[in-house]
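**Student:** Pasting a structure here, questions to come.
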There are 2 protein chains.
Amino acid sequence: MNKLTTLKEAILASGLTDGMTVSFHHHLRNGDYVLNMVMDEIAALGIRNLTVNASSLFNVHSPLKEHIRNGVVTKLLTDYMSAELGRFISEGGMDTPVEFRTHGGRPRDIELGITPIDVAFIAAPAADCMGNCTGNRGKSACGSLGYAIPDAMNARFVVVITDEMFDYPLSEPSITEQYVDSVVKVDSIGNPAGIVSGTTKITRDPVGLAMAMQAVDVINASGLLKDGFSFQTGAGGASLAAAKYLMDLMLEKKIRGSFGLGGITGFLVDMLEAGCFESLLDVQCFDLKAVESIRHNPKHQEISASRYASPWAKSSAVDSLDVVILGATEIDCDFNVNVHTDSNGYIIGGSGGHSDTAAGAKLSMIIAPLTRARLPIITDKVQCISTPGSSIDVLVTQKGIAVNPANTELTYRLRSAGLNVVDIRQLKEFAEALTGIPAKPVHGNKEIAKVIYRDGTLLHTINNVN
Amino acid sequence: MNKLTTLKEAILASGLTDGMTVSFHHHLRNGDYVLNMVMDEIAALGIRNLTVNASSLFNVHSPLKEHIRNGVVTKLLTDYMSAELGRFISEGGMDTPVEFRTHGGRPRDIELGITPIDVAFIAAPAADCMGNCTGNRGKSACGSLGYAIPDAMNARFVVVITDEMFDYPLSEPSITEQYVDSVVKVDSIGNPAGIVSGTTKITRDPVGLAMAMQAVDVINASGLLKDGFSFQTGAGGASLAAAKYLMDLMLEKKIRGSFGLGGITGFLVDMLEAGCFESLLDVQCFDLKAVESIRHNPKHQEISASRYASPWAKSSAVDSLDVVILGATEIDCDFNVNVHTDSNGYIIGGSGGHSDTAAGAKLSMIIAPLTRARLPIITDKVQCISTPGSSIDVLVTQKGIAVNPANTELTYRLRSAGLNVVDIRQLKEFAEALTGIPAKPVHGNKEIAKVIYRDGTLLHTINNVN
C-alpha cells in the first residue's frame, strides 16, 4: 500500500468541487512551481469558484490573475501579497475583497474552523510514499515547513507534492503520514534560485548602517539584553546589519541569549553558532545557510505557524520574545504601522508575522528611514493599519528615535543612556521639511481587501486605487 | 510570563468539576507517581464522579480502588489493566463497566470527540516553563511520550507535571507549548526502577527458545524477509529471543530492513545499530537502552499513538508493518485471541497495540506455549475476544505451527519450507491430552468491562467472576 498518485487523480480523489477552499504554503517563495501547477490542473478539470488560502503570494503566482478572470478563483485569503498581484487586486481585479490575515491569525482561523480548508497542497522537498515529508532535504530543499503544518493537520484532504522521494519511513518528518491522503511525485516543485537566496546581504547604505547601530543602542539600553535574551529580525538590509552589530555586542558582553525566532537567515545561524543563542525556532528559512543549519543542527528547530504566533495557542513563541525588529512602509504619529500598501495605495505586502511579533515582544522596534523615494515615512494617519500602534514601542530612524509615549520606562531608559530620543511629530516635520507634504493617494469606492487582525477582528479595509 | 503553578492551582484553573474526564499516559509504567498524586489532590478538592481515561493502568495505580469506592472515580477507560486493579474490577468493584480500547482506538476516539478529555495530566521527565516537554531527558527519563501526544493535542486543558525543569525553549520537545495550559514542578514523577527495567531479558526456557526459533523460521519462509522488511515484537522473553535470532539471520543474509516499530526494547536498538533497520518508530520505550537510544540517535524516532496505530489516521505505521509477533493468554480454533483475562476469567491485561498491529501487519504471529500452569492455551472459544481471528495469520507453539486457513499462501510457503504446519485443532487436542479439558470459569451476570475494537465497535463484554 502506498499513497502515490498523479496530481489529477489526487484532485479527483479529494472530491474537490465548485465553491471549495484549497490551500498552499509559501516556503518555496518566489521559486514555487506548485501553486500554479495545481491551479492549472484544477482549472483544466473545470472546477470553479474556489477560495485560495495561501500563507503568502509572490510574483511567481501572477498566473492566478488568469484564474481569477476566468472564475476559477473567486476569493483569496493570504498573509502577504507581492506587488504584481497586489496591483491587479488594487486596480479592482477581483469582486470579493481579499482577506489578509497574519501568520499567527491564519492558523488560528484554520484551527477554529473560521476558514476551513477542503484540500491542502503541500509542496515538500522530501517525502516518502505514505506522505511523511520535510523541507530540509532534497534538490528543492527550503528548510522549515512551519506554515504548512496547520494546513496539513486541519484540511479535510491533504496532497503532498514532491520532487524527491525517500524510503519509508522518512526520518525526522515535518508533517507525518497520519494527516496525508495522497502523494504526488513531479519533476520539480520549484526553482532553487527563487526558493532561497544564496546569501542574504547586509545593507551597505550608510543610512541603513546608522539606523542599525542606533537599533542596537536601543536594545542595549532597554534592559532586555541579558542572559536569556530572545530576538527576531526580518531579512531587510538594515535589520540584518542590526543583527550583525547585536552579535558583536553580545559576544563582547558575553551574553548568552535564549533563542532567535522567526524567518531565519544566515545571520541568526551565525549568532547560534557563536553561542549568542541556545536555539533557533524556525518557521521559515530565508537563505541557504539557514537550510543547511536546520538540516544538521539539532539546536535549530522547526516550529509550526501555530507554535510561532497563533493567538489561539495556549502560548506561542512570540509570547516569550524580548525584541523584534520590524519594517514599515508608513508609520503614523500614533505608531500605527502600514506594511500592506505603498505610497500610491497599491498593495505591495502584508502583515506576515509583523503584528504577531509586535504584539508578543517586550520591545517592538520599527526601523525605517525618514523618507523613501522622496516621500516621508511618517504620516498623520497611515493609509492602512497593518499593526496597531499600541503594540509598537519605538521607531528608529537615521535622525532620531521616537518612543511610543505609552512606554514611559523605555523613554526613561533611552534618555538615561543618552540616546537621541525625539517626538515622532518632530521626525515627521523634519521629513516633511525635506520632501514637502505629499498628496494622499486617491482611493475609489470598491473594497478590495480586508485586513484581519490576529484575533479575528477587522483592522482595516483597503479600497481600490483610482 | 510563564505557566508554572502548583498542582492544586492547576486543577482549580482547569475548571475541573464533577462528572468530567481526566486523562493520563503510561510511559512511567509501574514507576508512575503522577496518576495517584493527581487523583489524591482531586479527591481532596471534593471533586467526584470523574471518568479516568488512562492509556494503561499498572499495579502502582491500585489506589484508584479507593477513589472508586469513594465515588471520586465512577468510570474507567483504558487500553490495559494489570492484575491488581483487574481483580478488583472483575470482582464487581465498579458499577459502570470499564471501557477497554486499543492503543490506536484510544486516540481515534479522543480525536473524534467520542471520548473527550477535559483535563490531561502529562507526566513529563523534562519540561520548560511554557510546557514544552519531552521524555528523553531528566532523572525520570522514560523515552518516548507517544501515548500522551493525542491527549495533549485534544484535551480542553493540559497540565504538564515534571520533576526536572529546563530553560525555555526546551530542545526537541515531544509536546509543544501551544497545547499546554499549566506546568507543575514536583519532587519526583516516578520511581526510576519501575519506569523502565534496566534490561529486558531473553528467555532461558528451552520451550521459549524453541518457539522463538520456529517463529524466525516462519518469518524466513513467509517471503517478507527482504530489504525494506519491517518488524514489531513485544517485550516477552520468547518474543525477545525471536528478535535475537531474527537479527542473526538478517545479518547473515545481509538484509537491510526498513523499520522496527512499537514499544522499543534494547534488542530492537541492537538491530538498528547493527544495520538491520534504517529506523525505529517508537511510541514507548521498554528499557534503559531504548531510552538512551532515542535520546541520542536521530534514526530512533518518537511517534505519537495516532501515527503508531490510529485507524482514524489517514495512515499509521502499523499499516506499513510486515511482521508482528504477539502473545496470547488464550487463542481459539478460529484464531481469536484473548489478552484481557486469565484462565480464571480475571482481567489481567488488555489489547494495548495487539489488535492494531495484528490488523495492520502483513504477517501477524502469535507465539504461545501449548499450556501454561497446566492449562491449555488453545480453546474452542476464547472467553474474551481481544483480537479477532481474521487478523491473525499464524500461531507458533513448541509442538507445531498452525496457520489461519484464510491465509492459503502462507500455508503453502511454510509447508514448502518444510515447517511443521499442523491444524490448530490438532494442537488443541495435543494440549488437552496432556492437561485434560479444563472447566471454564464461571462468570456472573454483571457486565464489568466492554472491549471496544479499534474501529469503535463493541467486540466483547466481560462479566464479573463469581
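Following the order of the C-alpha cells, first chain is A, next is B, and so on, with residues numbered from 1 inside each chain and ligands from 1 in the order they appear.
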I need the contact residues of chain A against chain B, so if you could list those with any atom within 8 Å, counting only C-alpha atoms, and return them as a list in words, that would help.

**Tutor:**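 Matching residues, ligands excluded from the count: Met1, Met130, Tyr168, Pro169, Ser171, Glu172, Thr176, Glu177, Gln178, Tyr179, Val180, Asp181, Ser258, Phe259, Ser279, Pro298, Lys299, Gln301, Ser306, Arg307, Ala313, Lys314, Ser315, Ser316 and Ser320 of chain A.
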
**Student:** Could you give me, as a list in words, the residues within 8 Å of Asn344 (chain A), counting only C-alpha atoms and dropping anything in the same chain fewer than 6 positions from it?

**Tutor:**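 Result of the neighbour search: Lys440, Pro441 and Val465 of chain A.
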
**Student:** Give me the residues near Asn464 (chain A) as a PDB file with C-alpha atoms, in the first residue's frame, where near means some atom within 8 Å (using only C-alpha atoms) and where sequence neighbours in that chain fewer than 5 positions away do not count.

**Tutor:**
```pdb
ATOM      1  CA  ILE A  89      -6.128  43.457  -6.814  1.00  0.00           C
ATOM      2  CA  SER A  90      -5.677  47.165  -6.092  1.00  0.00           C
ATOM      3  CA  GLU A  91      -6.994  48.010  -9.533  1.00  0.00           C
ATOM      4  CA  GLY A  92     -10.185  46.146  -8.733  1.00  0.00           C
ATOM      5  CA  HIS A 443      -8.863  55.571  -3.382  1.00  0.00           C
ATOM      6  CA  GLY A 444     -12.062  54.509  -5.088  1.00  0.00           C
ATOM      7  CA  ASN A 445     -15.225  53.151  -3.515  1.00  0.00           C
ATOM      8  CA  LYS A 446     -14.610  49.485  -4.087  1.00  0.00           C
ATOM      9  CA  GLU A 447     -13.454  47.416  -1.115  1.00  0.00           C
ATOM     10  CA  ILE A 448     -10.638  45.270  -2.449  1.00  0.00           C
TER      11      ILE A 448
END
```

**Student:** Could you tell me how far CA of Asp109 (chain B) sits from CA of His67 (chain B), in Å to one decimal place?

**Tutor:** 24.9 Å

**Student:** I'd like to know which residues of region 124-189 of chain B are helix (DSSP H, G or I) (by DSSP, run on the backbone); could you write them as a PyMOL selection string?

**Tutor:** chain B and resi 148-154+177-179

**Student:** Could you work out how far CA of Val451 (chain B) lies from CA of Pro97 (chain B), giving the answer in Å with one decimal?

**Tutor:** 9.8 Å

**Student:** Rounded to one decimal, what separation in Å do you get between CA of Thr162 (chain A) and CA of Ile175 (chain B)?

**Tutor:**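 Separation of CA of Thr162 (chain A) and CA of Ile175 (chain B): 27.3 Å.
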